[in-house]
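Each remark here refers to the structure printed beneath this line.
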Amino acid sequence: MTVSPPPTGTSASGPAPAPSGRADVVGLYMEHIGSGRAVMGRVMGGMAEVRSEGAWIHADDGRRFLDFGGYGVFLLGHRHPAVVEAVHRQIDTHPLASRVFLEPVAALAAQALAAHTPPGLDYVHFVNSGAEATEAALKLARAHGRTSVITTRGGFHGKTLGALSVTANPTYQTPFQPLLPDVTQVAYDDPADLERALAARRDRACVVIEPVQGEGGVHIPRPGYLSQVRALCRAYGALMVVDEIQTGMGRLGTWWGVDAEGVSPDVLLAGKGLSGGVVPVAAMTATAEAYAPFSRDPYLHTSTFGASPIACAAALATVRAMEEENTVARAAALGLRILGGVRDVCAPYEGGLVREVRGRGLLIGIEFAREQAVGEMLLELIARGVLVNHSLNSTRVLRLTPPAAVGEAETGLFLTTLAEALHTTAGRMAG
């Protein structure tokens with residue numbers, strides 16, 4: 001009998017062992033993922049993350065890090081037990097579907113999500129990422145003849161080709177131009193500028209907007225702005241798409257950012273927190289009227305892995321966990337505590353190192369006077385065991401997106417560490 005050799009990457013006894021040391025991981029990144037990412041990893045200390053739970057990430061050198069970043073994904077924390085259990089159960093029974101028959105987990109997840117969307121947004125189209133949700137919305141708008149897209153300066157909606165067309169940042173757009181045609185940028189929180197754009201595109205426009213600009217630097221509009229956008233879209237026959245990929249699912253202390261003004265858009269995008277921090281999943285939700293083209297023809301816009309049972313199991317478990325644990329109210333209360341603490345810690349540096357602290361719920365931004373300060377703060381915080389994020393569309397803003405699961409001890413630790421990092425950074429930059 002002829003015995004075939006094991007496939008590449010395996011041995012006769014099983015899979016090849018994982019890289020045993022930090023240098024191996026950096027080397028593999030350099031050889032197979034990209035030199036830029038490898039260099040960034042070295043700058044951040046060269047650690048490889050290997051385990052997580054709650055608000056903590058563990059590195060291969062034995063250190064653990066308090067995660068106040070995570071790009072808005074981990075509102076429930078890392079590896080929430082209910083979500084992990086649901087995903088394990090789905091893996092053991094039916095992780096991926098044939099897409100020939102109806103799939104019950106997707107239906108249940110859609111029902112659970114629609115129970116919390118603004119009134120009228122009863123239809124759910126599951127996808128794999130936030131950028132894919134944006135793509136689905138742009139295609140849905142085109143199916144309605146809304147081929148002219150209006151986005152806001154500083155807005156961020158993803159980096160796939162269509163989503164990138166409405167992500168107003170030349171750093172990411174320029175290498176890939178030409179992008180989608182007929183895309184107009186207007187000022188955020190400026191209804192007059194939006195109305196001028198809509199007036200020139202009556203009955204053929206799609207407006208894509210965030211309730212709070214997350215990657216744009218945690219810019220919070222004035223009260224009434226979203227209501228004005230809703231009224232203008234109705235007046236000029238525009239489709240209103242609200243991107244809640246980062247702001248939704250309780251991040252702002254409400255289920256959705258639009259809830260603060262009772263606004264119901266035509267389309268709402270969800271992601272990040274919908275995953276429960278376990279399996280990537282996102283969704284486009286829509287009214288019956290807006291969703292009609294996709295409802296009539298289920299093959300008009302599809303994806304092999306969209307609405308997979310394993311992803312929908314994570315989404316369903318996430319919604320149920322949030323209901324049972326009152327996560328939204330907790331995010332609101334904890335957000336006030338952390339925002340107040342961050343403002344107190346930053347107060348001695350305002351007018352110098354720090355320009356402004358702003359936030360809503362568990363989305364908080366610290367704007368610095370100089371871009372260099374953000375990099376210095378990131379490194380200082382990492383050195384002290386805390387992870388935060390920079391903002392892709394606002395390079396002077398350090399962004400905090402902590403889990404709703406953090407307790408008083410962890411909050412106190414973060415604020416103490418932030419104070420130490422500010423003190424060190426201020427001294428270094430003054431020198």
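FYI, nothing fancy with the structure tokens labels: chains A, B, ... in order, residues from 1 per chain, ligands from 1 as they appear.
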Which residues of segment 325-404 of chain A have any atom within 6 Å of an atom in segment 200-219 of chain A when counting only C-alpha atoms, and what is the closest pair of atoms for each, with the distance in Å to one decimal? Order the rows by chain and rising number and write it as a tab-separated table.
residue	atom	partner	partner_atom	distance
A:Gly365	CA	A:Val218	CA	5.4
A:Ser391	CA	A:Glu215	CA	4.7
A:Leu392	CA	A:Glu215	CA	5.3
A:Asn393	CA	A:Gly216	CA	4.6
A:Ser394	CA	A:Gly217	CA	5.1
A:Val397	CA	A:Gly217	CA	5.5
Would you save the residues of that selection, restricted to N, CA, C and O atoms, as a PDB file, in the first residue's frame?
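That gives us result.pdb:
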ATOM      1  N   GLY A 365     -13.628  60.038  22.858  1.00  0.00           N
ATOM      2  CA  GLY A 365     -12.459  60.500  22.144  1.00  0.00           C
ATOM      3  C   GLY A 365     -11.700  61.558  22.923  1.00  0.00           C
ATOM      4  O   GLY A 365     -12.302  62.451  23.523  1.00  0.00           O
ATOM      5  N   SER A 391      -7.863  56.956  15.737  1.00  0.00           N
ATOM      6  CA  SER A 391      -9.015  57.138  14.856  1.00  0.00           C
ATOM      7  C   SER A 391      -8.523  57.278  13.418  1.00  0.00           C
ATOM      8  O   SER A 391      -7.712  58.151  13.113  1.00  0.00           O
ATOM      9  N   LEU A 392      -9.018  56.420  12.533  1.00  0.00           N
ATOM     10  CA  LEU A 392      -8.505  56.356  11.162  1.00  0.00           C
ATOM     11  C   LEU A 392      -8.738  57.641  10.377  1.00  0.00           C
ATOM     12  O   LEU A 392      -7.964  57.978   9.491  1.00  0.00           O
ATOM     13  N   ASN A 393      -9.823  58.346  10.677  1.00  0.00           N
ATOM     14  CA  ASN A 393     -10.117  59.578   9.941  1.00  0.00           C
ATOM     15  C   ASN A 393      -9.841  60.840  10.748  1.00  0.00           C
ATOM     16  O   ASN A 393     -10.243  61.937  10.338  1.00  0.00           O
ATOM     17  N   SER A 394      -9.174  60.694  11.877  1.00  0.00           N
ATOM     18  CA  SER A 394      -8.850  61.866  12.699  1.00  0.00           C
ATOM     19  C   SER A 394      -7.599  61.531  13.507  1.00  0.00           C
ATOM     20  O   SER A 394      -7.680  60.972  14.604  1.00  0.00           O
ATOM     21  N   VAL A 397      -6.915  62.107  17.409  1.00  0.00           N
ATOM     22  CA  VAL A 397      -7.888  61.629  18.395  1.00  0.00           C
ATOM     23  C   VAL A 397      -7.569  60.209  18.837  1.00  0.00           C
ATOM     24  O   VAL A 397      -7.450  59.299  18.019  1.00  0.00           O
TER      25      VAL A 397
END
Within 8 Å of Thr401 of chain A, counting only C-alpha atoms, which residues qualify if same-chain residues fewer than 6 places away don't, as a list of chain:residue names?
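Returned residues: A:Phe68, A:Gly69, A:Gly70, A:Tyr71, A:Gly72, A:Leu75, A:Leu362, A:Leu363, A:Ile364, A:Val388.
Around Pro118 of chain A, within 12 Å and counting only C-alpha atoms, the residues found are A:Leu113, A:Ala114, A:Asp122, A:Tyr123, A:Val242, A:Glu244, A:Gly248, A:Met249, A:Thr254, A:Trp255, A:Trp256, A:Gly257, A:Val258, A:Asp259, A:Ala260, A:Glu261, A:Gly262, A:Val263, A:Ser264, A:Pro265, A:Asp266, A:Val267, A:Leu268, A:Leu269, A:Thr285, A:Ala286, A:Thr287, once anything fewer than 4 positions away on its own chain is removed.
If only C-alpha atoms are the atoms counted, then among A:Arg358, A:Asp189, A:Gly253, A:Gln111 the closest residue to Arg330 of chain A is A:Gly253.
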Taking the DSSP assignment computed from this structure's backbone, write out as number ranges by chain all residues of segment 160-325 of chain A that belong to strand (DSSP E).
A: 183-186, 205-209, 239-243, 267-270, 282-286
Would you write out, as CSV, a table of all residues in segment 212-304 of chain A that have an atom no more than 6 Å from an atom of segment 128-144 of chain A, listing for each the closest atom pair and the distance in Å to one decimal, considering only C-alpha atoms and ordering rows by chain and rising residue number?
residue,atom,partner,partner_atom,distance
A:Ile245,CA,A:Gly130,CA,6.0
A:Gly271,CA,A:Gly130,CA,5.4
A:Pro280,CA,A:Asn128,CA,6.0
A:Val281,CA,A:Asn128,CA,4.5
A:Ala282,CA,A:Ser129,CA,5.1
A:Ala283,CA,A:Ala133,CA,5.7
A:Met284,CA,A:Ala133,CA,5.3
Please indicate the distance in Å from atom CA of Gly54 of chain A to atom CA of Val25 of chain A, rounded to one decimal place.
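Atom CA of Val25 of chain A lies 24.9 Å from atom CA of Gly54 of chain A.
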Need the shell around Gly306 of chain A: protein/DNA/RNA residues with any atom at most 8 Å away, counting only C-alpha atoms. Skip same-chain ones fewer than 2 positions apart. Format as a list in words?
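Using only C-alpha atoms, the neighbours found are Phe126, Val127, Asn128, Thr302, Ser303, Thr304 and Ser308 of chain A.
Of the residues listed (A:Leu334, A:Ala192, A:Leu161, A:Val186), A:Ala192 shows the shortest atom-to-atom separation from Tyr225 of chain A; distances use only C-alpha atoms.
Counting only C-alpha atoms and comparing A:Leu300, A:Ala238, A:Leu418, A:Ala292, the residue that lies closest to Arg343 of chain A is A:Leu418.
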If you run DSSP on the backbone, which residues of segment 64-294 of chain A are alpha helix (DSSP H), as a ChimeraX atom specification?
/A:81-93,104-114,130-143,161-165,170-173,191-199,225-235,288-294
